[in-house]
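Below: input22.txt (compact mmCIF, C-alpha atoms and all ligand atoms)
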```txt
# COMPACT_ATOMS: atom_id res chain seq x y z
CA MET A 1 0.00 0.00 0.00
CA SER A 2 1.40 3.46 -0.84
CA PRO A 3 1.97 5.75 2.15
CA THR A 4 -0.76 8.12 3.23
CA ILE A 5 -0.04 11.60 4.52
CA ALA A 6 -2.13 13.49 7.10
CA PHE A 7 -2.65 17.23 6.73
CA LEU A 8 -3.81 19.71 9.37
CA GLY A 9 -4.51 23.33 8.41
CA ALA A 10 -4.64 22.65 4.67
CA THR A 11 -7.03 25.55 4.04
CA GLY A 12 -3.99 27.74 4.81
CA GLY A 13 -1.77 28.65 1.86
CA CYS A 14 1.40 26.73 2.76
CA ALA A 15 -0.21 23.41 3.67
CA ASN A 16 -2.71 23.68 0.80
CA ALA A 17 0.13 24.06 -1.71
CA CYS A 18 1.88 21.05 -0.18
CA LEU A 19 -1.32 18.99 -0.28
CA ALA A 20 -1.89 20.00 -3.91
CA TYR A 21 1.59 18.80 -4.97
CA THR A 22 1.04 15.64 -2.92
CA LEU A 23 -2.28 14.76 -4.59
CA ARG A 24 -1.11 15.78 -8.06
CA SER A 25 1.77 13.31 -7.69
CA GLY A 26 -0.59 10.47 -6.85
CA TYR A 27 -0.07 10.11 -3.10
CA ASN A 28 -3.00 9.49 -0.78
CA ALA A 29 -3.89 12.04 1.89
CA ILE A 30 -6.24 12.53 4.82
CA ALA A 31 -6.97 16.16 5.67
CA LEU A 32 -8.69 17.56 8.73
CA ALA A 33 -10.74 20.67 7.91
CA ARG A 34 -13.29 22.72 9.80
CA THR A 35 -15.01 23.51 6.51
CA PRO A 36 -14.54 20.71 3.96
CA ALA A 37 -16.16 22.77 1.16
CA LYS A 38 -13.48 25.47 1.65
CA LEU A 39 -10.72 22.88 1.36
CA THR A 40 -12.26 21.29 -1.75
CA ALA A 41 -12.73 24.66 -3.45
CA LEU A 42 -9.11 25.65 -2.77
CA LEU A 43 -7.82 22.33 -4.10
CA LEU A 44 -9.98 22.48 -7.23
CA SER A 45 -8.52 25.93 -7.93
CA GLN A 46 -5.05 24.35 -8.10
CA PRO A 47 -3.65 23.57 -11.55
CA GLY A 48 -3.90 19.88 -12.43
CA LEU A 49 -6.27 18.86 -9.65
CA THR A 50 -9.70 17.50 -10.52
CA GLN A 51 -12.65 16.15 -8.58
CA ASP A 52 -11.66 12.65 -9.80
CA ILE A 53 -8.21 13.03 -8.21
CA LEU A 54 -9.75 14.23 -4.94
CA ASP A 55 -12.26 11.35 -4.97
CA ALA A 56 -9.49 8.80 -5.55
CA HIS A 57 -6.78 10.14 -3.24
CA LEU A 58 -8.21 12.43 -0.55
CA ARG A 59 -10.27 11.69 2.56
CA ILE A 60 -11.50 14.76 4.43
CA ILE A 61 -12.23 14.56 8.14
CA GLU A 62 -14.49 17.40 9.23
CA GLY A 63 -13.74 18.89 12.63
CA ASP A 64 -11.56 20.93 14.90
CA ALA A 65 -7.82 20.36 15.29
CA ARG A 66 -8.19 20.81 19.07
CA ASP A 67 -10.38 17.73 19.30
CA VAL A 68 -8.41 14.56 20.07
CA GLU A 69 -10.99 12.16 18.55
CA THR A 70 -11.06 14.12 15.30
CA VAL A 71 -7.26 14.18 15.10
CA MET A 72 -7.17 10.41 15.78
CA LYS A 73 -9.49 9.83 12.81
CA THR A 74 -7.12 11.89 10.66
CA LEU A 75 -4.12 9.76 11.60
CA VAL A 76 -5.60 6.27 11.16
CA VAL A 77 -5.64 5.06 7.54
CA ALA A 78 -7.30 1.73 8.28
CA ALA A 79 -8.08 -0.35 11.34
CA ASP A 80 -9.72 -3.62 12.25
CA ALA A 81 -9.74 -5.79 15.34
CA HIS A 82 -6.22 -7.08 14.59
CA SER A 83 -4.24 -4.23 13.09
CA THR A 84 -4.03 -0.49 12.57
CA THR A 85 -2.36 1.33 9.70
CA LEU A 86 -1.21 4.86 10.48
CA VAL A 87 -0.31 7.71 8.17
CA SER A 88 3.45 7.85 7.58
CA LEU A 89 3.71 11.65 7.72
CA ILE A 90 1.79 14.42 9.48
CA ILE A 91 2.05 17.92 8.03
CA SER A 92 0.57 20.78 10.02
CA GLY A 93 0.08 24.37 8.92
CA ILE A 94 -2.33 25.14 11.76
CA GLY A 95 -2.27 28.75 12.83
CA GLY A 96 -4.46 31.73 13.48
CA THR A 97 -4.99 34.20 10.70
CA GLY A 98 -4.30 37.55 12.31
CA GLU A 99 -4.80 41.19 11.55
CA MET A 100 -2.65 44.17 12.45
CA VAL A 101 -4.27 46.29 15.18
CA PHE A 102 -3.34 49.92 15.79
CA THR A 103 -6.05 50.94 18.27
CA LYS A 104 -7.75 49.63 21.43
CA PRO A 105 -10.99 50.55 23.27
CA SER A 106 -10.64 53.70 25.36
CA PRO A 107 -9.74 52.82 28.98
CA CYS A 108 -12.47 55.25 30.04
CA GLU A 109 -15.84 53.44 29.76
CA GLN A 110 -17.72 56.72 29.26
CA ILE A 111 -15.80 57.46 26.04
CA PRO A 112 -17.04 55.09 23.29
CA MET A 113 -14.03 55.42 21.04
CA ARG A 114 -10.80 53.58 20.26
CA VAL A 115 -7.43 55.05 21.17
CA PRO A 116 -3.98 54.38 19.64
CA THR A 117 -1.99 51.45 21.00
CA VAL A 118 1.31 49.73 20.26
CA PRO A 119 0.77 48.07 16.84
CA HIS A 120 0.33 44.32 17.26
CA ILE A 121 -1.23 41.31 15.57
CA SER A 122 -4.63 40.25 16.86
CA ILE A 123 -5.69 36.67 16.21
CA PRO A 124 -9.03 35.04 17.08
CA ASN A 125 -7.42 32.26 19.11
CA PRO A 126 -3.93 33.25 20.32
CA ASN A 127 -3.26 29.72 21.62
CA ILE A 128 -4.35 27.71 18.60
CA THR A 129 -1.01 26.12 17.74
CA GLU A 130 -0.38 25.18 21.37
CA GLN A 131 -3.89 23.70 21.67
CA SER A 132 -3.68 21.78 18.39
CA THR A 133 -0.23 20.45 19.33
CA ARG A 134 -1.65 19.20 22.65
CA ALA A 135 -4.46 17.49 20.72
CA LEU A 136 -1.99 15.92 18.31
CA LEU A 137 0.11 14.54 21.17
CA GLY A 138 -3.08 13.37 22.90
CA ALA A 139 -4.21 11.60 19.74
CA LEU A 140 -0.83 9.87 19.26
CA ALA A 141 -0.84 8.81 22.94
CA ARG A 142 -4.30 7.26 22.61
CA ILE A 143 -3.43 5.56 19.34
CA ALA A 144 -0.24 4.11 20.85
CA ALA A 145 -2.11 2.85 23.93
CA GLU A 146 -5.36 1.68 22.34
CA ARG A 147 -4.36 0.40 18.92
CA PHE A 148 -0.98 -1.28 19.41
CA GLY A 149 0.06 -4.26 21.54
CA SER A 150 3.13 -2.46 22.89
CA PHE A 151 4.82 0.93 22.61
CA ALA A 152 7.54 -0.71 20.51
CA ASP A 153 4.88 -1.77 17.98
CA TYR A 154 3.68 1.85 17.77
CA ALA A 155 7.26 3.18 17.60
CA ALA A 156 7.97 1.01 14.55
CA VAL A 157 5.33 2.91 12.55
CA ALA A 158 5.22 6.28 14.38
CA PRO A 159 4.53 9.04 11.84
CA ARG A 160 7.07 11.76 11.10
CA VAL A 161 5.69 15.19 12.04
CA THR A 162 6.35 18.43 10.13
CA ILE A 163 5.03 21.65 11.61
CA ILE A 164 5.14 25.23 10.40
CA SER A 165 6.46 27.61 13.01
CA GLY A 166 8.14 30.90 12.06
CA ALA A 167 11.39 32.81 11.79
CA GLY A 168 12.26 34.78 14.91
CA ILE A 169 10.91 32.10 17.26
CA LYS A 170 14.13 30.47 18.38
CA LYS A 171 16.11 32.57 20.85
CA GLY A 172 19.76 32.99 19.87
CA VAL A 173 19.18 32.25 16.17
CA THR A 174 19.61 35.30 13.93
CA ASP A 175 17.10 34.66 11.17
CA VAL A 176 15.31 38.03 11.05
CA PRO A 177 16.68 41.14 9.28
CA LEU A 178 17.46 44.14 11.50
CA LEU A 179 14.93 46.29 9.62
CA PHE A 180 12.11 43.82 10.37
CA ARG A 181 12.77 43.50 14.11
CA PRO A 182 10.06 46.09 15.03
CA LEU A 183 7.55 44.16 12.92
CA TYR A 184 8.49 40.92 14.65
CA ALA A 185 8.04 42.65 18.01
CA ALA A 186 4.42 43.26 16.95
CA LEU A 187 4.07 39.52 16.33
CA ASP A 188 4.62 38.79 20.01
CA ILE A 189 1.30 36.94 20.55
CA PRO A 190 1.49 34.43 17.67
CA HIS A 191 5.21 33.98 18.36
CA LYS A 192 4.57 33.02 22.00
CA ASP A 193 2.05 30.47 20.71
CA LYS A 194 4.54 29.03 18.22
CA ALA A 195 7.28 28.94 20.88
CA GLN A 196 4.93 27.04 23.17
CA MET A 197 4.19 24.57 20.34
CA GLU A 198 7.91 24.01 19.81
CA ARG A 199 8.40 23.56 23.57
CA LEU A 200 5.66 20.91 23.77
CA LEU A 201 7.20 19.01 20.87
CA ALA A 202 10.67 19.18 22.46
CA GLU A 203 9.34 17.97 25.83
CA ALA A 204 7.51 15.07 24.19
CA GLN A 205 10.72 13.99 22.48
CA GLU A 206 12.57 13.87 25.81
CA LYS A 207 10.15 11.34 27.31
CA ALA A 208 11.06 7.65 27.49
CA ASP A 209 7.93 6.80 25.49
CA ASN A 210 8.58 9.40 22.82
CA LEU A 211 5.38 9.67 20.79
CA LEU A 212 7.33 11.67 18.19
CA CYS A 213 9.97 9.00 17.63
CA GLY A 214 9.18 9.11 13.89
CA GLY A 215 11.01 12.45 13.94
CA VAL A 216 10.03 16.12 13.87
CA VAL A 217 10.82 18.69 11.19
CA ILE A 218 10.23 22.32 12.18
CA VAL A 219 9.79 24.74 9.28
CA ARG A 220 10.44 28.42 10.08
CA PRO A 221 9.38 30.69 7.21
CA SER A 222 10.02 34.43 7.17
CA ILE A 223 6.99 36.74 6.65
CA LEU A 224 4.57 34.94 4.32
CA GLY A 225 3.28 36.41 1.08
CA GLY A 226 1.29 35.14 -1.88
CA ASP A 227 -1.38 32.49 -1.76
CA HIS A 228 -1.86 28.72 -2.03
CA LYS A 229 -1.58 28.49 -5.82
CA ILE A 230 1.08 26.10 -7.10
CA ALA A 231 2.72 26.22 -10.54
CA GLU A 232 1.36 24.33 -13.55
CA ALA A 233 3.08 20.96 -13.94
CA GLY A 234 6.40 21.53 -15.70
CA ALA A 235 6.29 25.34 -15.25
CA ASP A 236 8.88 27.30 -13.25
CA SER A 237 7.54 27.89 -9.73
CA GLY A 238 10.49 30.08 -8.74
CA PHE A 239 11.74 27.34 -6.41
CA THR A 240 15.39 28.22 -7.10
CA LYS A 241 14.79 31.59 -5.37
CA LEU A 242 14.13 29.80 -2.09
CA ARG A 243 16.96 30.00 0.45
CA VAL A 244 17.20 27.29 3.06
CA GLY A 245 18.94 27.80 6.40
CA THR A 246 19.28 25.90 9.64
CA GLU A 247 19.84 27.01 13.23
CA LYS A 248 23.58 26.49 12.81
CA LYS A 249 23.68 28.16 9.39
CA PRO A 250 20.73 30.57 9.28
CA GLU A 251 19.50 32.41 6.19
CA ILE A 252 18.16 35.92 6.76
CA GLY A 253 15.41 37.24 4.50
CA TYR A 254 12.31 39.42 4.50
CA THR A 255 9.51 37.39 2.95
CA VAL A 256 8.70 34.08 1.29
CA GLY A 257 5.78 32.82 -0.82
CA ARG A 258 3.31 30.40 0.77
CA ALA A 259 3.31 28.15 -2.29
CA LEU A 260 7.12 27.85 -2.11
CA ILE A 261 6.89 26.72 1.52
CA GLY A 262 4.39 24.07 0.46
CA GLU A 263 6.63 23.03 -2.42
CA TRP A 264 9.68 22.71 -0.14
CA ILE A 265 7.75 20.51 2.30
CA TYR A 266 6.44 18.42 -0.60
CA ARG A 267 9.87 17.96 -2.17
CA GLU A 268 11.86 17.39 1.00
CA VAL A 269 9.42 15.64 3.32
CA VAL A 270 6.67 14.03 1.23
CA LYS A 271 8.85 12.94 -1.70
CA GLY A 272 12.23 12.90 0.04
CA GLY A 273 11.05 11.40 3.36
CA GLY A 274 12.43 14.30 5.43
CA GLU A 275 15.19 12.26 7.14
CA LYS A 276 17.79 14.94 6.39
CA TRP A 277 15.75 17.60 8.22
CA VAL A 278 14.64 15.66 11.31
CA GLY A 279 15.57 17.62 14.45
CA GLU A 280 16.21 20.78 12.45
CA GLY A 281 14.59 24.18 12.56
CA VAL A 282 14.57 24.87 8.83
CA ILE A 283 14.57 28.57 7.95
CA LEU A 284 12.95 29.26 4.58
CA THR A 285 13.12 32.65 2.90
CA GLU A 286 13.53 34.23 -0.54
N1 LIG A 301 1.74 35.21 8.32
C1 LIG A 301 3.04 35.10 8.37
O1 LIG A 301 3.79 35.99 7.93
C2 LIG A 301 3.67 33.87 8.95
C3 LIG A 301 5.05 33.77 9.04
C4 LIG A 301 5.63 32.60 9.52
C5 LIG A 301 4.80 31.55 9.90
N2 LIG A 301 3.45 31.67 9.83
C6 LIG A 301 2.66 30.49 10.20
O2 LIG A 301 2.68 29.60 9.11
C7 LIG A 301 1.56 28.71 9.18
C8 LIG A 301 0.89 28.63 7.82
O3 LIG A 301 0.42 29.91 7.46
P1 LIG A 301 -0.61 30.07 6.24
O4 LIG A 301 -0.72 31.53 6.01
O5 LIG A 301 -0.23 29.13 5.18
O6 LIG A 301 -1.95 29.50 6.84
P2 LIG A 301 -3.10 30.25 7.70
O7 LIG A 301 -3.85 31.16 6.80
O8 LIG A 301 -2.49 30.80 8.95
O9 LIG A 301 -4.05 29.00 7.98
C9 LIG A 301 -4.19 28.46 9.25
C10 LIG A 301 -4.87 27.11 9.12
O10 LIG A 301 -5.17 26.64 10.41
C11 LIG A 301 -6.53 26.20 10.39
N3 LIG A 301 -7.12 26.26 11.72
C12 LIG A 301 -7.09 27.28 12.61
N4 LIG A 301 -7.76 26.92 13.72
C13 LIG A 301 -8.21 25.65 13.52
C14 LIG A 301 -8.94 24.74 14.30
N5 LIG A 301 -9.35 25.04 15.54
N6 LIG A 301 -9.23 23.53 13.78
C15 LIG A 301 -8.83 23.20 12.53
N7 LIG A 301 -8.13 24.02 11.74
C16 LIG A 301 -7.82 25.24 12.23
C17 LIG A 301 -7.23 27.14 9.44
O11 LIG A 301 -8.47 26.59 9.06
P3 LIG A 301 -9.75 27.50 8.66
O12 LIG A 301 -9.64 27.68 7.18
O13 LIG A 301 -10.90 26.67 9.07
O14 LIG A 301 -9.62 28.80 9.42
C18 LIG A 301 -6.19 27.15 8.32
O15 LIG A 301 -6.28 25.97 7.57
C19 LIG A 301 0.67 29.27 10.27
O16 LIG A 301 0.89 28.54 11.44
C20 LIG A 301 1.18 30.69 10.44
O17 LIG A 301 0.94 31.17 11.75
C21 LIG A 301 2.87 32.80 9.36
```

Starting from the file, lay out its structure as structure tokens.
Amino acid sequence: MSPTIAFLGATGGCANACLAYTLRSGYNAIALARTPAKLTALLLSQPGLTQDILDAHLRIIEGDARDVETVMKTLVVAADAHSTTLVSLIISGIGGTGEMVFTKPSPCEQIPMRVPTVPHISIPNPNITEQSTRALLGALARIAAERFGSFADYAAVAPRVTIISGAGIKKGVTDVPLLFRPLYAALDIPHKDKAQMERLLAEAQEKADNLLCGGVVIVRPSILGGDHKIAEAGADSGFTKLRVGTEKKPEIGYTVGRALIGEWIYREVVKGGGEKWVGEGVILTE
């Protein structure tokens, strides 16, 4: 059976691009989405993807990435009383779409107006990546305990996890240009959430029963631009413009296209297996 890949957050540009390359190349995928129609519409807008391809290769699980049961359904390809087949890779682009805020309600209740504040990003759920990471770890823990005879049996097939974090998250790593530091200061809330996600993943890997023993790849893009749209098959996507750094050898850049992030994850993790990048914080910029 060919490997199946789980996607979380594939209505976001980066993960959608990765899922589109994945399906267009004939892999099977299971995607968790709050709004399946949104995911389907985005995928059908991708060059080379048809309803027939989605019908043949994609299973959509409707639900919330904070719900352990829903995440479990996304990670199990097939199961019967005797055996369980898991996805081989998990790719998560979960995040909160934010907007820049320059004002706040007046501190004086009698004055119904907004007053200037320090510019910052406001997101509907500032803890979404932490919460979805907890649910992912909870789902893996339940799968390991409920579906396998021993932890060693689970460990032999534990999926490899790739998550999208961000540049500027890791203390001591210079991956943000000097000019952009004030902008990154405004990203304090989502950055704390991403840092918490990375911390949870690191803690899980230190445990004796390491649920993430399939390996973790952390992708840290600079400021994202563009949308989910991938290149036509055979056309130049601009991939050669992408610069790839690591914590030891960072690349510093301003922005990067969402579709290029998806293409890098597709090429290196889906097609390439990701072994080379396990344990790395991969900085991607243009
Ligand atoms: N913006 C930047 O400059 C920047 C820079 C570096 C890294 N990042 C991070 O890179 C990642 C990818 O960004 P992107 O722009 O491609 O995607 P995005 O627009 O941030 O999409 C976020 C995804 O998370 C999903 N999601 C949020 N809450 C959910 C929940 N409770 N249950 C299920 N799904 C949920 C959204 O689904 P719905 O469609 O249902 O909302 C969407 O698919 C994000 O984590 C982002 O924070 C962003």

Task: ligand LIG 301 (chain A) neighbours within 8 Å using all atoms listed in the file, as a ChimeraX atom specification - done: /A:8-16,32-35,38-39,63-66,92-98,125,128-129,132,164-167,190,194,220-225,227-228,255,258

- [ ] Figure out the distance between atom CA of Leu212 of chain A and atom CA of Gly274 of chain A, please, to one decimal in Å.
- [x] 14.0 Å

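You can rank A:His82, A:Arg24, A:Lys192, A:Lys241 by their closest distance to Ala56 of chain A using all atoms listed in the file, and at the top of that list sits A:Arg24.
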
Name all residues at most 12 Å from Val101 of chain A (count only C-alpha atoms; drop same-chain ones fewer than 5 positions away) and give them as a PDB file with C-alpha atoms, in the frame of the given file.
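Generated output (around35.pdb):
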```pdb
ATOM      1  CA  ARG A 114     -10.800  53.580  20.260  1.00  0.00           C
ATOM      2  CA  VAL A 115      -7.430  55.050  21.170  1.00  0.00           C
ATOM      3  CA  PRO A 116      -3.980  54.380  19.640  1.00  0.00           C
ATOM      4  CA  THR A 117      -1.990  51.450  21.000  1.00  0.00           C
ATOM      5  CA  VAL A 118       1.310  49.730  20.260  1.00  0.00           C
ATOM      6  CA  PRO A 119       0.770  48.070  16.840  1.00  0.00           C
ATOM      7  CA  HIS A 120       0.330  44.320  17.260  1.00  0.00           C
ATOM      8  CA  ILE A 121      -1.230  41.310  15.570  1.00  0.00           C
ATOM      9  CA  SER A 122      -4.630  40.250  16.860  1.00  0.00           C
ATOM     10  CA  ILE A 123      -5.690  36.670  16.210  1.00  0.00           C
ATOM     11  CA  ALA A 186       4.420  43.260  16.950  1.00  0.00           C
ATOM     12  CA  LEU A 187       4.070  39.520  16.330  1.00  0.00           C
TER      13      LEU A 187
END
```

Open item on the list: Show me, as a list in words, the residues that have an atom within 12 Å of Gly26 of chain A when counting all atoms listed in the file, minus same-chain residues fewer than 6 positions from it.
Closed with: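 Residues near the query, excluding close chain neighbours: Ser2, Pro3, Thr4, Ile5, Leu19, Ala20, Gly48, Leu49, Asp52, Ile53, Leu54, Asp55, Ala56, His57, Leu58, Val270 and Lys271 of chain A.
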
TODO: Tell me, in Å to one decimal, how far atom CA of Asp80 of chain A is from atom CA of Thr133 of chain A.
DONE: 26.8 Å

TODO: May I have the protein, DNA and RNA residues with any atom at most 7 Å from the point (-0.2, 25.6, 25.5), counting all atoms listed in the file, written as a ChimeraX atom specification?
DONE: /A:127,130-131,196-197

- [ ] Rank nothing, just name the residue among A:Ala139, A:Ala233, A:Leu42, A:Cys213 nearest to Thr70 of chain A, using all atoms listed in the file.
- [x] A:Ala139

TODO: Rounded to one decimal place, report the atom CA of Asp153 of chain A-atom CA of Asp209 of chain A distance in Å.
DONE: 11.8 Å

Open item on the list: Given the point (13.9, 28.3, 12.5) in the coordinates of this file, which residues lie within 12 Å, counting all atoms listed in the file, and how would they look as a PyMOL selection string?
Closed with: chain A and resi 163-176+191+194-195+198+217-222+244-252+277+279-285

Open item on the list: Residues near Val161 of chain A, anyone? I mean within 7 Å using all atoms listed in the file, not counting same-chain ones fewer than 3 positions away, as a PyMOL selection string.
Closed with: chain A and resi 89-91+215-217

Centre, x/y/z edge lengths, axis-aligned box for segment 220-230 of chain A with 6 Å per side, as lines of an AutoDock Vina configuration file:
```
center_x = 4.3
center_y = 31.4
center_z = 1.5
size_x = 24.3
size_y = 22.6
size_z = 29.2
```

Would you mind exporting segment 73-94 of chain A with N, CA, C and O atoms, as a PDB file, in the first residue's frame?
```pdb
ATOM      1  N   LYS A  73      -8.902  10.302  14.083  1.00  0.00           N
ATOM      2  CA  LYS A  73      -9.489   9.828  12.813  1.00  0.00           C
ATOM      3  C   LYS A  73      -8.620  10.238  11.627  1.00  0.00           C
ATOM      4  O   LYS A  73      -8.556   9.538  10.618  1.00  0.00           O
ATOM      5  N   THR A  74      -7.950  11.380  11.760  1.00  0.00           N
ATOM      6  CA  THR A  74      -7.121  11.893  10.663  1.00  0.00           C
ATOM      7  C   THR A  74      -5.827  11.092  10.520  1.00  0.00           C
ATOM      8  O   THR A  74      -5.227  11.057   9.453  1.00  0.00           O
ATOM      9  N   LEU A  75      -5.414  10.444  11.611  1.00  0.00           N
ATOM     10  CA  LEU A  75      -4.115   9.755  11.598  1.00  0.00           C
ATOM     11  C   LEU A  75      -4.218   8.253  11.299  1.00  0.00           C
ATOM     12  O   LEU A  75      -3.204   7.612  11.033  1.00  0.00           O
ATOM     13  N   VAL A  76      -5.441   7.711  11.389  1.00  0.00           N
ATOM     14  CA  VAL A  76      -5.602   6.268  11.160  1.00  0.00           C
ATOM     15  C   VAL A  76      -6.091   6.037   9.727  1.00  0.00           C
ATOM     16  O   VAL A  76      -7.167   6.472   9.340  1.00  0.00           O
ATOM     17  N   VAL A  77      -5.276   5.349   8.944  1.00  0.00           N
ATOM     18  CA  VAL A  77      -5.636   5.064   7.543  1.00  0.00           C
ATOM     19  C   VAL A  77      -6.657   3.938   7.496  1.00  0.00           C
ATOM     20  O   VAL A  77      -7.655   3.999   6.775  1.00  0.00           O
ATOM     21  N   ALA A  78      -6.394   2.879   8.252  1.00  0.00           N
ATOM     22  CA  ALA A  78      -7.303   1.728   8.281  1.00  0.00           C
ATOM     23  C   ALA A  78      -7.120   1.004   9.608  1.00  0.00           C
ATOM     24  O   ALA A  78      -6.020   1.004  10.166  1.00  0.00           O
ATOM     25  N   ALA A  79      -8.188   0.392  10.078  1.00  0.00           N
ATOM     26  CA  ALA A  79      -8.083  -0.351  11.337  1.00  0.00           C
ATOM     27  C   ALA A  79      -9.129  -1.439  11.380  1.00  0.00           C
ATOM     28  O   ALA A  79     -10.246  -1.261  10.891  1.00  0.00           O
ATOM     29  N   ASP A  80      -8.732  -2.601  11.920  1.00  0.00           N
ATOM     30  CA  ASP A  80      -9.723  -3.623  12.245  1.00  0.00           C
ATOM     31  C   ASP A  80      -9.356  -4.182  13.618  1.00  0.00           C
ATOM     32  O   ASP A  80      -8.501  -3.616  14.300  1.00  0.00           O
ATOM     33  N   ALA A  81      -9.975  -5.274  13.987  1.00  0.00           N
ATOM     34  CA  ALA A  81      -9.745  -5.792  15.341  1.00  0.00           C
ATOM     35  C   ALA A  81      -8.290  -6.215  15.536  1.00  0.00           C
ATOM     36  O   ALA A  81      -7.792  -6.271  16.673  1.00  0.00           O
ATOM     37  N   HIS A  82      -7.569  -6.511  14.454  1.00  0.00           N
ATOM     38  CA  HIS A  82      -6.216  -7.075  14.592  1.00  0.00           C
ATOM     39  C   HIS A  82      -5.094  -6.097  14.284  1.00  0.00           C
ATOM     40  O   HIS A  82      -3.972  -6.271  14.763  1.00  0.00           O
ATOM     41  N   SER A  83      -5.360  -5.112  13.449  1.00  0.00           N
ATOM     42  CA  SER A  83      -4.243  -4.229  13.085  1.00  0.00           C
ATOM     43  C   SER A  83      -4.718  -2.812  12.762  1.00  0.00           C
ATOM     44  O   SER A  83      -5.892  -2.592  12.450  1.00  0.00           O
ATOM     45  N   THR A  84      -3.762  -1.904  12.865  1.00  0.00           N
ATOM     46  CA  THR A  84      -4.031  -0.489  12.565  1.00  0.00           C
ATOM     47  C   THR A  84      -2.933   0.013  11.644  1.00  0.00           C
ATOM     48  O   THR A  84      -1.756  -0.210  11.899  1.00  0.00           O
ATOM     49  N   THR A  85      -3.345   0.699  10.577  1.00  0.00           N
ATOM     50  CA  THR A  85      -2.356   1.334   9.696  1.00  0.00           C
ATOM     51  C   THR A  85      -2.430   2.837   9.925  1.00  0.00           C
ATOM     52  O   THR A  85      -3.505   3.437   9.818  1.00  0.00           O
ATOM     53  N   LEU A  86      -1.270   3.417  10.243  1.00  0.00           N
ATOM     54  CA  LEU A  86      -1.213   4.858  10.477  1.00  0.00           C
ATOM     55  C   LEU A  86      -0.690   5.583   9.250  1.00  0.00           C
ATOM     56  O   LEU A  86      -0.029   4.992   8.391  1.00  0.00           O
ATOM     57  N   VAL A  87      -0.949   6.877   9.195  1.00  0.00           N
ATOM     58  CA  VAL A  87      -0.307   7.706   8.174  1.00  0.00           C
ATOM     59  C   VAL A  87       1.205   7.663   8.436  1.00  0.00           C
ATOM     60  O   VAL A  87       1.641   7.433   9.564  1.00  0.00           O
ATOM     61  N   SER A  88       1.988   7.881   7.385  1.00  0.00           N
ATOM     62  CA  SER A  88       3.449   7.850   7.581  1.00  0.00           C
ATOM     63  C   SER A  88       3.986   9.237   7.922  1.00  0.00           C
ATOM     64  O   SER A  88       5.038   9.362   8.550  1.00  0.00           O
ATOM     65  N   LEU A  89       3.283  10.273   7.473  1.00  0.00           N
ATOM     66  CA  LEU A  89       3.714  11.646   7.725  1.00  0.00           C
ATOM     67  C   LEU A  89       2.524  12.465   8.197  1.00  0.00           C
ATOM     68  O   LEU A  89       1.398  12.247   7.736  1.00  0.00           O
ATOM     69  N   ILE A  90       2.812  13.434   9.076  1.00  0.00           N
ATOM     70  CA  ILE A  90       1.792  14.417   9.482  1.00  0.00           C
ATOM     71  C   ILE A  90       2.358  15.788   9.139  1.00  0.00           C
ATOM     72  O   ILE A  90       3.485  16.116   9.548  1.00  0.00           O
ATOM     73  N   ILE A  91       1.590  16.574   8.403  1.00  0.00           N
ATOM     74  CA  ILE A  91       2.049  17.917   8.032  1.00  0.00           C
ATOM     75  C   ILE A  91       1.032  18.922   8.553  1.00  0.00           C
ATOM     76  O   ILE A  91      -0.151  18.845   8.208  1.00  0.00           O
ATOM     77  N   SER A  92       1.502  19.831   9.406  1.00  0.00           N
ATOM     78  CA  SER A  92       0.573  20.781  10.016  1.00  0.00           C
ATOM     79  C   SER A  92       0.932  22.230   9.699  1.00  0.00           C
ATOM     80  O   SER A  92       2.036  22.681   9.975  1.00  0.00           O
ATOM     81  N   GLY A  93      -0.052  22.922   9.144  1.00  0.00           N
ATOM     82  CA  GLY A  93       0.083  24.369   8.920  1.00  0.00           C
ATOM     83  C   GLY A  93      -0.918  25.121   9.777  1.00  0.00           C
ATOM     84  O   GLY A  93      -1.322  26.229   9.443  1.00  0.00           O
ATOM     85  N   ILE A  94      -1.324  24.495  10.890  1.00  0.00           N
ATOM     86  CA  ILE A  94      -2.329  25.138  11.761  1.00  0.00           C
ATOM     87  C   ILE A  94      -1.790  26.455  12.298  1.00  0.00           C
ATOM     88  O   ILE A  94      -0.644  26.561  12.715  1.00  0.00           O
TER      89      ILE A  94
END
```
